[in-house]
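Trainee: Contents are compact mmCIF, C-alpha atoms; file name my_file.txt:
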```txt
# COMPACT_ATOMS: atom_id res chain seq x y z
CA MET A 1 83.52 94.86 103.69
CA SER A 2 87.10 95.56 102.71
CA MET A 3 87.91 98.12 100.10
CA ILE A 4 89.33 95.54 97.77
CA GLU A 5 85.92 93.87 97.50
CA ASN A 6 84.14 97.07 96.59
CA GLY A 7 83.36 98.02 93.04
CA GLN A 8 85.22 101.05 91.69
CA GLY A 9 82.22 103.34 92.13
CA ASP A 10 81.54 102.20 95.70
CA ALA A 11 85.18 102.61 96.70
CA LEU A 12 85.17 106.18 95.41
CA SER A 13 82.04 107.20 97.30
CA TYR A 14 83.28 105.40 100.40
CA HIS A 15 86.55 107.36 100.34
CA GLN A 16 84.77 110.64 99.64
CA GLN A 17 82.40 110.07 102.51
CA MET A 18 85.17 109.09 104.93
CA ALA A 19 87.25 112.11 103.86
CA GLN A 20 84.29 114.36 104.69
CA ARG A 21 83.83 112.77 108.11
CA THR A 22 87.55 113.02 108.88
CA ASP A 23 87.55 116.69 107.86
CA ALA A 24 84.54 117.30 110.13
CA VAL A 25 86.46 115.85 113.10
CA ALA A 26 89.47 118.01 112.16
CA ALA A 27 87.20 121.07 112.09
CA VAL A 28 86.05 120.36 115.65
CA PHE A 29 89.67 120.14 116.83
CA GLU A 30 90.35 123.47 115.11
CA ALA A 31 87.28 125.08 116.65
CA HIS A 32 88.64 124.08 120.05
CA GLY A 33 91.94 125.78 119.35
CA HIS A 34 94.10 122.76 118.47
CA ASP A 35 96.59 123.06 115.64
CA VAL A 36 95.32 119.96 113.89
CA LYS A 37 96.97 120.79 110.56
CA LYS A 38 100.40 120.87 112.16
CA HIS A 39 99.68 117.69 114.10
CA ILE A 40 98.63 115.87 110.93
CA ALA A 41 101.68 117.18 109.04
CA ASP A 42 103.97 116.04 111.89
CA PHE A 43 102.32 112.61 111.90
CA ALA A 44 102.65 112.25 108.12
CA HIS A 45 106.31 113.25 108.38
CA ALA A 46 106.96 110.67 111.11
CA VAL A 47 105.27 107.97 109.02
CA SER A 48 107.38 108.67 105.95
CA GLU A 49 110.68 109.68 107.56
CA ARG A 50 111.02 108.37 111.14
CA TRP A 51 108.96 105.21 111.69
CA VAL A 52 110.41 103.40 108.71
CA PRO A 53 111.39 99.74 108.23
CA GLU A 54 114.92 100.89 107.37
CA ASN A 55 115.31 101.27 111.16
CA GLY A 56 114.60 97.60 111.74
CA ALA A 57 116.74 96.60 108.75
CA ARG A 58 119.65 98.42 110.36
CA VAL A 59 118.99 96.55 113.62
CA VAL A 60 118.90 93.19 111.84
CA ALA A 61 122.11 93.85 109.90
CA LYS A 62 123.87 94.87 113.10
CA ALA A 63 122.62 91.74 114.88
CA TRP A 64 123.96 89.63 112.01
CA THR A 65 127.43 91.19 112.22
CA ASP A 66 127.92 92.18 115.87
CA PRO A 67 127.48 89.35 118.43
CA VAL A 68 127.64 91.73 121.39
CA PHE A 69 124.83 93.85 119.97
CA LYS A 70 122.83 90.74 119.09
CA ALA A 71 123.05 89.53 122.70
CA GLN A 72 121.90 92.96 123.92
CA LEU A 73 119.05 92.97 121.40
CA LEU A 74 117.83 89.53 122.47
CA THR A 75 118.09 90.47 126.16
CA ASN A 76 116.46 93.90 126.06
CA GLY A 77 115.32 94.99 122.62
CA HIS A 78 114.00 98.35 123.73
CA GLN A 79 117.31 99.33 125.27
CA ALA A 80 119.35 98.00 122.33
CA VAL A 81 117.46 99.90 119.62
CA THR A 82 117.13 103.16 121.54
CA ALA A 83 120.91 103.02 122.17
CA LEU A 84 121.28 103.13 118.37
CA GLY A 85 119.28 106.36 118.40
CA LEU A 86 116.13 104.75 117.02
CA PRO A 87 112.74 106.00 118.22
CA MET A 88 110.38 103.97 120.40
CA PRO A 89 107.26 105.52 121.95
CA VAL A 90 107.25 105.41 125.75
CA HIS A 91 104.18 103.15 125.88
CA HIS A 92 105.98 100.53 123.73
CA ARG A 93 107.61 99.31 126.91
CA HIS A 94 109.17 96.09 125.61
CA LEU A 95 110.67 95.19 122.27
CA VAL A 96 111.24 91.46 121.90
CA ALA A 97 113.50 90.41 119.04
CA LEU A 98 112.74 86.92 117.70
CA GLU A 99 115.54 85.10 115.95
CA ASN A 100 114.74 82.78 113.06
CA THR A 101 116.92 79.69 112.71
CA ASP A 102 117.00 76.60 110.49
CA LYS A 103 114.53 74.98 112.88
CA VAL A 104 112.38 77.87 114.16
CA HIS A 105 110.43 80.48 112.23
CA ASN A 106 108.76 83.39 114.03
CA VAL A 107 105.78 85.37 112.76
CA ILE A 108 104.00 88.28 114.44
CA CYS A 109 100.39 89.41 114.58
CA CYS A 110 97.92 91.40 116.64
CA THR A 111 94.76 89.35 116.94
CA LEU A 112 92.87 92.17 118.70
CA CYS A 113 93.74 94.99 116.33
CA SER A 114 97.02 96.35 114.95
CA CYS A 115 99.75 96.76 117.60
CA THR A 116 103.23 96.66 116.06
CA ALA A 117 106.72 97.92 116.87
CA PHE A 118 105.93 100.48 114.19
CA SER A 119 108.76 102.91 114.94
CA ILE A 120 111.24 100.11 114.18
CA ILE A 121 109.66 97.88 111.50
CA GLY A 122 107.23 100.41 110.00
CA LEU A 123 103.49 100.88 110.38
CA PRO A 124 101.50 97.69 109.90
CA PRO A 125 100.45 96.95 106.32
CA ASP A 126 96.79 96.51 105.36
CA TRP A 127 96.80 92.68 105.50
CA TYR A 128 98.14 92.69 109.09
CA LYS A 129 95.04 94.59 110.25
CA ASP A 130 92.59 92.53 108.20
CA LEU A 131 90.28 90.07 109.94
CA GLU A 132 91.53 87.17 107.81
CA TYR A 133 95.14 87.39 108.98
CA ARG A 134 94.25 88.07 112.61
CA ALA A 135 91.80 85.16 112.78
CA ARG A 136 93.78 82.57 110.86
CA VAL A 137 97.49 83.05 111.53
CA VAL A 138 97.21 81.82 115.12
CA ARG A 139 95.23 78.70 114.16
CA GLU A 140 96.72 77.67 110.82
CA SER A 141 99.96 79.59 110.53
CA ARG A 142 101.67 77.17 108.16
CA THR A 143 98.79 77.31 105.71
CA VAL A 144 98.48 81.09 105.93
CA LEU A 145 102.22 81.61 105.39
CA LYS A 146 102.14 79.23 102.43
CA GLU A 147 99.24 81.16 100.91
CA MET A 148 101.28 84.32 101.40
CA GLY A 149 104.19 82.80 99.51
CA LEU A 150 106.32 81.41 102.34
CA ASP A 151 106.32 77.62 102.11
CA LEU A 152 108.30 76.44 105.14
CA PRO A 153 109.73 72.90 105.39
CA SER A 154 107.58 70.69 107.63
CA ASP A 155 110.41 70.23 110.16
CA VAL A 156 110.57 73.99 110.84
CA GLU A 157 108.64 74.92 113.97
CA ILE A 158 106.48 78.04 113.61
CA ARG A 159 106.07 80.34 116.58
CA VAL A 160 103.31 82.95 116.39
CA TRP A 161 103.60 86.02 118.63
CA ASP A 162 100.50 88.03 119.46
CA THR A 163 101.45 91.64 120.10
CA THR A 164 100.05 93.65 123.01
CA ALA A 165 100.03 97.38 123.66
CA ASP A 166 103.13 97.25 125.82
CA THR A 167 105.05 94.29 124.34
CA ARG A 168 106.05 94.62 120.68
CA TYR A 169 107.99 92.20 118.50
CA MET A 170 110.33 92.12 115.55
CA VAL A 171 111.61 89.09 113.66
CA ILE A 172 115.31 88.71 112.95
CA PRO A 173 115.29 86.83 109.64
CA LYS A 174 117.93 84.26 108.80
CA ARG A 175 120.97 85.81 107.18
CA PRO A 176 121.08 84.77 103.54
CA ALA A 177 123.90 82.51 102.36
CA ASN A 178 126.80 84.02 100.43
CA THR A 179 126.69 87.38 102.20
CA ALA A 180 129.91 87.00 104.18
CA GLY A 181 131.75 89.91 102.59
CA LEU A 182 128.94 92.43 102.70
CA SER A 183 129.01 95.61 104.77
CA GLU A 184 126.38 96.29 107.42
CA ALA A 185 124.73 98.83 105.11
CA ALA A 186 124.66 96.37 102.21
CA LEU A 187 123.16 93.72 104.49
CA ALA A 188 120.53 96.15 105.77
CA ALA A 189 119.45 96.80 102.18
CA LEU A 190 118.55 93.09 101.88
CA VAL A 191 116.15 93.13 104.86
CA SER A 192 112.51 93.59 103.88
CA LYS A 193 109.69 94.87 106.06
CA ASP A 194 107.75 91.64 105.35
CA ALA A 195 110.68 89.57 106.66
CA MET A 196 110.66 91.50 109.96
CA PHE A 197 106.96 90.62 110.35
CA GLY A 198 107.86 87.00 109.62
CA VAL A 199 105.79 86.53 106.47
CA ALA A 200 108.68 86.43 104.01
CA ALA A 201 112.18 85.04 103.83
CA ILE A 202 115.16 86.95 102.51
CA MET B 1 85.61 91.29 127.02
CA ASP B 2 85.30 88.41 124.56
CA GLY B 3 83.92 90.58 121.81
CA MET B 4 83.93 90.45 118.04
CA HIS B 5 87.33 92.19 118.03
CA ASP B 6 88.96 89.11 119.60
CA LEU B 7 89.58 87.41 116.30
CA GLY B 8 92.40 85.02 117.10
CA GLY B 9 91.41 81.53 115.99
CA LYS B 10 87.96 82.41 114.65
CA GLN B 11 87.21 80.11 111.74
CA GLY B 12 85.62 80.57 108.35
CA PHE B 13 87.72 83.42 107.00
CA GLY B 14 89.16 83.27 103.49
CA PRO B 15 92.60 84.08 102.09
CA VAL B 16 94.64 87.01 103.39
CA ARG B 17 94.84 89.78 100.80
CA PHE B 18 98.60 89.98 100.56
CA VAL B 19 101.09 91.60 98.27
CA ARG B 20 104.74 92.03 99.14
CA ASN B 21 105.56 95.38 100.75
CA ALA B 22 101.85 96.20 100.97
CA PRO B 23 100.65 99.75 101.63
CA VAL B 24 99.74 101.07 105.09
CA PHE B 25 97.34 103.72 103.79
CA HIS B 26 95.07 103.77 100.75
CA ALA B 27 93.87 107.37 100.95
CA ASP B 28 94.91 110.69 102.51
CA TRP B 29 91.95 110.72 104.89
CA GLU B 30 93.32 107.54 106.51
CA VAL B 31 96.53 109.38 107.40
CA ARG B 32 94.49 112.26 108.87
CA ALA B 33 92.27 109.85 110.83
CA ASN B 34 95.29 107.96 112.15
CA ALA B 35 96.89 111.27 113.21
CA MET B 36 93.83 112.53 115.07
CA TYR B 37 93.27 109.78 117.62
CA PRO B 38 96.72 110.28 119.19
CA LEU B 39 95.92 114.00 119.11
CA ALA B 40 92.72 113.30 121.05
CA VAL B 41 94.81 111.32 123.55
CA SER B 42 97.53 113.96 123.83
CA VAL B 43 95.06 116.80 124.51
CA GLY B 44 93.31 114.67 127.13
CA LEU B 45 89.96 114.11 125.36
CA ILE B 46 90.27 110.34 125.68
CA ASN B 47 92.85 107.90 127.01
CA MET B 48 94.01 104.72 125.29
CA ASP B 49 91.79 102.52 127.45
CA GLU B 50 88.70 104.53 126.51
CA TYR B 51 89.77 104.31 122.87
CA ARG B 52 90.11 100.52 123.09
CA TYR B 53 86.86 100.15 124.99
CA ALA B 54 85.02 102.17 122.35
CA ILE B 55 86.34 99.81 119.64
CA GLU B 56 85.35 96.78 121.70
CA ARG B 57 81.81 98.09 122.14
CA MET B 58 81.23 98.30 118.38
CA ALA B 59 78.28 96.08 117.49
CA PRO B 60 79.50 92.80 115.94
CA ARG B 61 77.82 93.47 112.57
CA HIS B 62 79.41 96.91 112.47
CA TYR B 63 82.83 95.61 113.54
CA VAL B 64 83.16 92.92 110.88
CA ALA B 65 81.86 95.23 108.14
CA ALA B 66 84.03 98.20 109.06
CA THR B 67 87.40 98.95 107.46
CA TYR B 68 90.35 99.59 109.77
CA TYR B 69 90.36 103.39 109.98
```
Can the structure from this file be put into structure tokens for me?

Mentor:
Amino acid sequence: MSMIENGQGDALSYHQQMAQRTDAVAAVFEAHGHDVKKHIADFAHAVSERWVPENGARVVAKAWTDPVFKAQLLTNGHQAVTALGLPMPVHHRHLVALENTDKVHNVICCTLCSCTAFSIIGLPPDWYKDLEYRARVVRESRTVLKEMGLDLPSDVEIRVWDTTADTRYMVIPKRPANTAGLSEAALAALVSKDAMFGVAAI
Amino acid sequence: MDGMHDLGGKQGFGPVRFVRNAPVFHADWEVRANAMYPLAVSVGLINMDEYRYAIERMAPRHYVAATYY
């Protein structure tokens, strides 16, 4: 049962109960001498300040404006983004950048769970981890994308990429028309997290 | 293992609940829970394979009824 299907009262008691269980696990870590409060604070900081989709937006804008960087990104994504000073956990061994064109649209998923290049495009949103998306996007991607608001022309091929623990993906959306004069920073501001997952256009 | 977690292509599911720029977390405890499994890995209580295997051993009824965190 997803939270959205719960009644208000059920959702409240569910969250209260889960908060209690989580606190109980934290208490065990503390009892064993681990500084769990600091670890949680560090994690929360990374989520809000370091592993943000602005990283990926910067990568996309640079790929749009710098052909040498774009070639590097398409060849070895991990190397290209870490050279920009962006973080990637060691176990995210490969970053594959997928370029959308007039004829090809890429969309990412993790059918087994939730793997994402989260330090570059942000932590996966709720829908990405839901059973509905994981089950359906690989079988009926065009329908799912249309339901999500992205109605692609029938002559556009859709490629679906199923993430694994050591190979992570990001979509390079098509650069919007009439953006020729914009700076890299202004272009980056146009790039949405949803577009880098491949479920929205820009 | 071809368990319930292996959802790719399973049929019968309804619409994806989607809003643009959707949230990652819906409550503070989810942040704490998400922080603590890497802590368990980093202090050597479990490794990532054990973590995955534990998820994959969830009973099917439990797996489909459970929320992510």

Trainee: Could you work out how far CA of Gln11 in chain B lies from CA of Arg139 in chain A, giving the answer in Å with one decimal?

Mentor: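 It comes out at 8.5 Å.
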
Trainee: Please check the contacts: residues of chain B at most 7 Å away from chain A, using only C-alpha atoms, listed as a VMD selection string.

Mentor: chain B and resid 5 to 11 13 to 18 20 to 24 29 31 to 33 35 65 to 68

Trainee: What is the distance, in Å and to one decimal place, between CA of Ala24 in chain A and CA of Phe118 in chain A?

Mentor: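 A separation of 27.5 Å between them.
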
Trainee: Have a look at CA of Arg57 in chain B and CA of Arg168 in chain A and let me know their distance in Å, one decimal.

Mentor: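 Rounded to one decimal, the two atoms are 24.5 Å apart.
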
Trainee: Excluding same-chain residues fewer than 2 positions from range 53-55 of chain A, what lies within 7 Å of it counting all atoms listed in the file, as a list in words?

Mentor: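 Counting only the stated atoms, we get Trp51, Ala57, Arg58, Val59, Leu86, Ile120, Ile121, Gly122 and Lys193 of chain A.
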
Trainee: Which polymer residues have any atom within 8 Å of an atom of range 73-79 of chain A, counting all atoms listed in the file, with same-chain residues fewer than 2 positions away left out, as a PyMOL selection string?

Mentor: chain A and resi 63+69-71+81-83+88+93-98

Trainee: With 8 Å of padding per side, what axis-aligned box (centre and edge lengths, Å, one decimal) covers all the listed atoms of range 29-48 of chain B? Give it as AutoDock Vina command-line options.

Mentor:
```
--center_x 93.7 --center_y 110.8 --center_z 116.0 --size_x 23.6 --size_y 28.1 --size_z 38.2
```

Trainee: As a list in words, please: the residues near Gly3 in chain B (cut-off 10 Å, all atoms listed in the file, same-chain neighbours under 5 positions excluded).

Mentor: Leu112 of chain A; Ile55, Glu56, Arg57, Met58, Ala59, Pro60 and Tyr63 of chain B
